[in-house]
Amino acid sequence: MMRMSGRGRSALIIGLQGIRARKTRTLLSMVSLFLGVLAVVVVQAGASIAERALLSDLELYEGVDGTVVMDMGGTSPRLGSIVTSTVAGRSDAVAMTSMQAVIGEPGVRPVNEGGAPFDGSWGDPGPPMECDETGCRELPAAEVQPKGQAIEVRLTALTGNVRQFRPYRPQAGEWLDFAAMPSLGPRLVLNKEAAKGFQQYRVPAEMRVPGASANMTPHFVGVVDDGDQQPRAYVRLDELSHWVPENKLVDPNMGEVRVLMVAGTPVEQVLSTKLKAVGVEPMVRTVNSKKDMADQLSLMRLVFLAMAGLVLLIGVAGILNVGLATVGERVEEFALRRAVGTPRALLAGIVLAETLITGLLTAALAIGVSALALKGVVAFAGTSQPFLQGMQFPWEAGVAGVIAGLVAGVLGGFIPAIRAAGIPIATVMRA
């Protein structure tokens with residue numbers, strides 16, 4: 001082992017001396033190899049960025065990986081009170097209950113009836129409907145109210161800070177403060193689509209919610225990006241409950257009740273037992289978006305790596321040509337080394353050491369250029385693309401670049417190394 005280690009050191013030292021003596025050839029080898037290694041690094045970094053972008057959008061709607069989600073199958077008058085009483089005051093679980101709300105002039109239909117997006121992408125909402133505990137019916141023409149200065153949103157009441165499970169991105173103002181005392185005037189945080197509507201239309205600050213004891217005066221405190229195309233507003237449940245009784249917090253026709261929990265919390269078992277007792281079947285699942293997307297991301301990465309591999313092969317061909325030309329010029333040198341007792345393996349090691357060092361230098365340069373480029377992209381586009389904020393150069397891309405440099409060095413230097421090892425001692429007589 002010591003003898004092999006000594007040969008390795010000798011090959012490395014002589015290889016470095018050869019690189020210093022032939023700087024121009026080394027530079028040509030690096031130029032031909034640079035694009036190939038850079039392609040591998042960029043593909044690996046791009047795959048990591050794409051994965052982060054996809055997961056970032058999914059987290060807004062589904063939740064971060066590991067979040068336990070409980071949906072409710074069925075309705076019960078006690079559903080709202082059971083969920084809120086079980087989850088209230090806990091930091092390991094948050095309940096979300098949604099209903100329709102109209103903000104603006106009373107006695108008119110909203111401009112986006114049905115809570116449709118303001119770009120009209122949901123099409124015609126259909127004839128006006130009236131819904132109650134017994135169901136929904138189409139309103140006759142005589143009862144249809146005229147459209148006026150009002151906006152319909154999906155109002156989501158929260159028992160706690162849902163951003164620990166769904167990292168909504170702040171756009172303006174602030175998020176709901178659950179540590180402060182509840183206010184009689186409900187504080188609302190709008191999503192981007194709802195904020196767009198309030199920018200387009202000037203409506204009175206009067207909110208009506210089905211089942212409320214009176215119309216409320218909301219206070220807008222912030223805007224977030226929640227990834228939802230429907231206009232939505234978020235409110236503290238304890239502030240909404242001042243106006244809406246517990247049995248009305250869940251709309252029997254368009255209700256939406258969901259509980260987000262950390263894994264292993266006792267809330268899941270307690271809440272499931274209570275819900276089953278009143279005939280409501282809970283549906284529990286764990287968010288694992290990264291695993292669900294693994295096959296799609298792997299296929300995408302393999303396709304682009306194959307393309308990068310072709311570019312890398314062109315670089316290998318370049319370093320191979322330079323290596324063969326270098327060995328051809330050093331025939332007498334290698335023959336003389338053989339004459340003084342240098343083993344064939346050491347001659348091959350000298351050539352391989354040169355190509356490996358060239359490959360590693362090229363990899364370091366490609367990684368450095370990629371890291372600087374990513375830093376520039378983050379600084380330039382980080383404000384418009386939130387998933388880029390805080391993005392660091394992925395270590396997987398650095399490892400891929402080093403491996404690509406080593407592989408290119410071995411492939412480009414293998415044939416020249418065999419040729420150098422096969423030079424006969426008699427060749428030195430030509431000199």
# chains A, B, ... in the order shown; residues from 1 in each chain; ligands from 1

$ select_by_dssp --residues "range 193-427 of chain A" --states "strand (DSSP E or B)" --output "list in words"
Met207, Arg208, Met216, His219, Phe220, Val221, Gly222, Val223, Val224, Asp225, Arg232, Ala233, Tyr234, Val235, Arg236, Glu256, Val257, Arg258, Val259, Leu260, Met261, Glu281, Pro282, Met283, Val284, Arg285 and Thr286 of chain A

$ select_by_dssp --residues "range 42-126 of chain A" --states "helix (DSSP H, G or I)" --output "list of chain:residue names"
A:Val42, A:Val43, A:Gln44, A:Ala45, A:Gly46, A:Ala47, A:Ser48, A:Ile49, A:Ala50, A:Glu51, A:Arg52, A:Ala53, A:Leu54, A:Leu55, A:Ser56, A:Asp57, A:Leu58, A:Glu59, A:Leu60, A:Tyr61, A:Leu79, A:Gly80, A:Ser81, A:Ile82, A:Val83, A:Thr84, A:Ser85, A:Thr86, A:Val87

$ residues_around --residues "Ser91 in chain A" --least-positions-apart "6" --cutoff "12 Å" --atoms "only C-alpha atoms" --output "ChimeraX atom specification"
/A:159-165,178-179,260-262,265,267

$ residues_around --residues "Glu113 in chain A" --least-positions-apart "2" --cutoff "8 Å" --atoms "only C-alpha atoms" --output "list in words"
Arg109, Pro110, Val111, Gly115, Ala116, Pro125, Ile151 and Glu152 of chain A

$ write_last_selection --atoms "N, CA and C atoms" --output "mmCIF file, in the first residue's frame"
data_model
loop_
_atom_site.group_PDB
_atom_site.id
_atom_site.type_symbol
_atom_site.label_atom_id
_atom_site.label_comp_id
_atom_site.auth_asym_id
_atom_site.auth_seq_id
_atom_site.Cartn_x
_atom_site.Cartn_y
_atom_site.Cartn_z
ATOM 1 N N ARG A 109 -76.277 42.244 -5.892
ATOM 2 C CA ARG A 109 -75.454 41.081 -6.219
ATOM 3 C C ARG A 109 -74.013 41.531 -6.445
ATOM 4 N N PRO A 110 -73.048 40.710 -6.046
ATOM 5 C CA PRO A 110 -71.635 41.099 -6.237
ATOM 6 C C PRO A 110 -71.247 41.088 -7.703
ATOM 7 N N VAL A 111 -70.209 41.834 -8.023
ATOM 8 C CA VAL A 111 -69.734 41.911 -9.407
ATOM 9 C C VAL A 111 -69.121 40.586 -9.864
ATOM 10 N N GLY A 115 -68.151 34.138 -6.289
ATOM 11 C CA GLY A 115 -66.740 34.195 -5.906
ATOM 12 C C GLY A 115 -65.801 33.897 -7.053
ATOM 13 N N ALA A 116 -66.221 34.274 -8.268
ATOM 14 C CA ALA A 116 -65.409 33.998 -9.453
ATOM 15 C C ALA A 116 -64.198 34.919 -9.507
ATOM 16 N N PRO A 125 -71.400 32.328 -14.319
ATOM 17 C CA PRO A 125 -71.736 31.637 -13.068
ATOM 18 C C PRO A 125 -73.122 31.021 -13.072
ATOM 19 N N ILE A 151 -68.330 42.787 -3.646
ATOM 20 C CA ILE A 151 -67.395 41.733 -4.054
ATOM 21 C C ILE A 151 -67.627 40.514 -3.184
ATOM 22 N N GLU A 152 -67.687 39.355 -3.815
ATOM 23 C CA GLU A 152 -67.867 38.095 -3.072
ATOM 24 C C GLU A 152 -66.521 37.406 -2.914
#

$ residues_around --residues "range 281-293 of chain A" --least-positions-apart "4" --cutoff "10 Å" --atoms "only C-alpha atoms" --output "PyMOL selection string"
chain A and resi 51-52+54-55+58-59+62-75+258-263+268+271-277+297-298

$ atom_distance --atom1 "CA of Phe198 in chain A" --atom2 "CA of Pro231 in chain A"
10.1 Å

$ closest_residue --among "A:Ala379, A:Met30, A:Met216, A:Leu352" --to "Ser183 in chain A" --atoms "only C-alpha atoms"
A:Met216

$ residues_around --residues "range 356-362 of chain A" --least-positions-apart "6" --cutoff "7 Å" --atoms "only C-alpha atoms" --output "list in words"
Thr26, Met30, Leu33, Phe34, Val402, Gly405, Leu406, Ala408, Gly409 and Val410 of chain A

$ write_last_selection --atoms "C-alpha atoms" --output "compact mmCIF listing (two decimals), in the first residue's frame"
# COMPACT_ATOMS: atom_id res chain seq x y z
CA THR A 26 -4.07 22.54 -20.69
CA MET A 30 -10.24 22.99 -20.31
CA LEU A 33 -14.34 20.32 -21.55
CA PHE A 34 -15.83 23.40 -19.89
CA VAL A 402 -16.86 17.17 -9.66
CA GLY A 405 -14.85 16.39 -14.26
CA LEU A 406 -13.36 13.17 -12.91
CA ALA A 408 -14.15 13.23 -18.27
CA GLY A 409 -10.56 13.10 -17.03
CA VAL A 410 -10.58 9.29 -16.89

$ closest_residue --among "A:Leu411, A:Ala180, A:Ala345, A:Ile423" --to "Leu320 in chain A" --atoms "only C-alpha atoms"
A:Leu411

$ closest_residue --among "A:Ala294, A:Val209, A:Leu158, A:Phe118" --to "Gln230 in chain A" --atoms "only C-alpha atoms"
A:Phe118

$ residues_around --residues "range 305-319 of chain A" --least-positions-apart "5" --cutoff "6 Å" --atoms "only C-alpha atoms" --output "short mmCIF file (atom, residue, chain, number, x, y, z; two decimals) with all heavy atoms, in the first residue's frame"
data_model
loop_
_atom_site.label_atom_id
_atom_site.label_comp_id
_atom_site.auth_asym_id
_atom_site.auth_seq_id
_atom_site.Cartn_x
_atom_site.Cartn_y
_atom_site.Cartn_z
N SER A 29 -7.57 22.11 -23.46
CA SER A 29 -8.33 20.97 -22.92
C SER A 29 -9.48 21.46 -22.04
O SER A 29 -10.59 20.94 -22.10
CB SER A 29 -7.41 20.06 -22.10
OG SER A 29 -6.39 19.52 -22.91
N SER A 32 -12.38 22.92 -24.17
CA SER A 32 -13.20 21.90 -24.82
C SER A 32 -14.07 21.16 -23.81
O SER A 32 -15.14 20.68 -24.15
CB SER A 32 -12.30 20.90 -25.55
OG SER A 32 -11.46 20.20 -24.64
N LEU A 33 -13.62 21.07 -22.56
CA LEU A 33 -14.34 20.32 -21.55
C LEU A 33 -15.32 21.19 -20.75
O LEU A 33 -16.29 20.69 -20.17
CB LEU A 33 -13.33 19.67 -20.58
CG LEU A 33 -13.85 18.66 -19.56
CD1 LEU A 33 -14.54 17.49 -20.26
CD2 LEU A 33 -12.70 18.16 -18.70
N GLY A 36 -19.17 21.02 -21.44
CA GLY A 36 -19.76 19.74 -21.03
C GLY A 36 -19.99 19.67 -19.53
O GLY A 36 -21.08 19.28 -19.07
N ALA A 39 -22.71 22.07 -18.50
CA ALA A 39 -24.04 21.57 -18.81
C ALA A 39 -24.54 20.63 -17.72
O ALA A 39 -25.70 20.69 -17.30
CB ALA A 39 -24.03 20.85 -20.16
N VAL A 40 -23.66 19.75 -17.23
CA VAL A 40 -24.05 18.83 -16.16
C VAL A 40 -24.40 19.60 -14.89
O VAL A 40 -25.42 19.33 -14.23
CB VAL A 40 -22.92 17.81 -15.88
CG1 VAL A 40 -23.25 16.96 -14.66
CG2 VAL A 40 -22.69 16.93 -17.10
N ALA A 408 -14.73 12.73 -17.03
CA ALA A 408 -14.15 13.23 -18.27
C ALA A 408 -12.63 13.06 -18.27
O ALA A 408 -12.03 12.71 -19.30
CB ALA A 408 -14.51 14.71 -18.45
N GLY A 412 -11.03 10.79 -21.05
CA GLY A 412 -10.14 11.49 -21.98
C GLY A 412 -8.69 11.08 -21.84
O GLY A 412 -7.91 11.23 -22.78
#

$ closest_residue --among "A:Ala172, A:Val244, A:Val223, A:Ala214" --to "Met99 in chain A" --atoms "only C-alpha atoms"
A:Val244
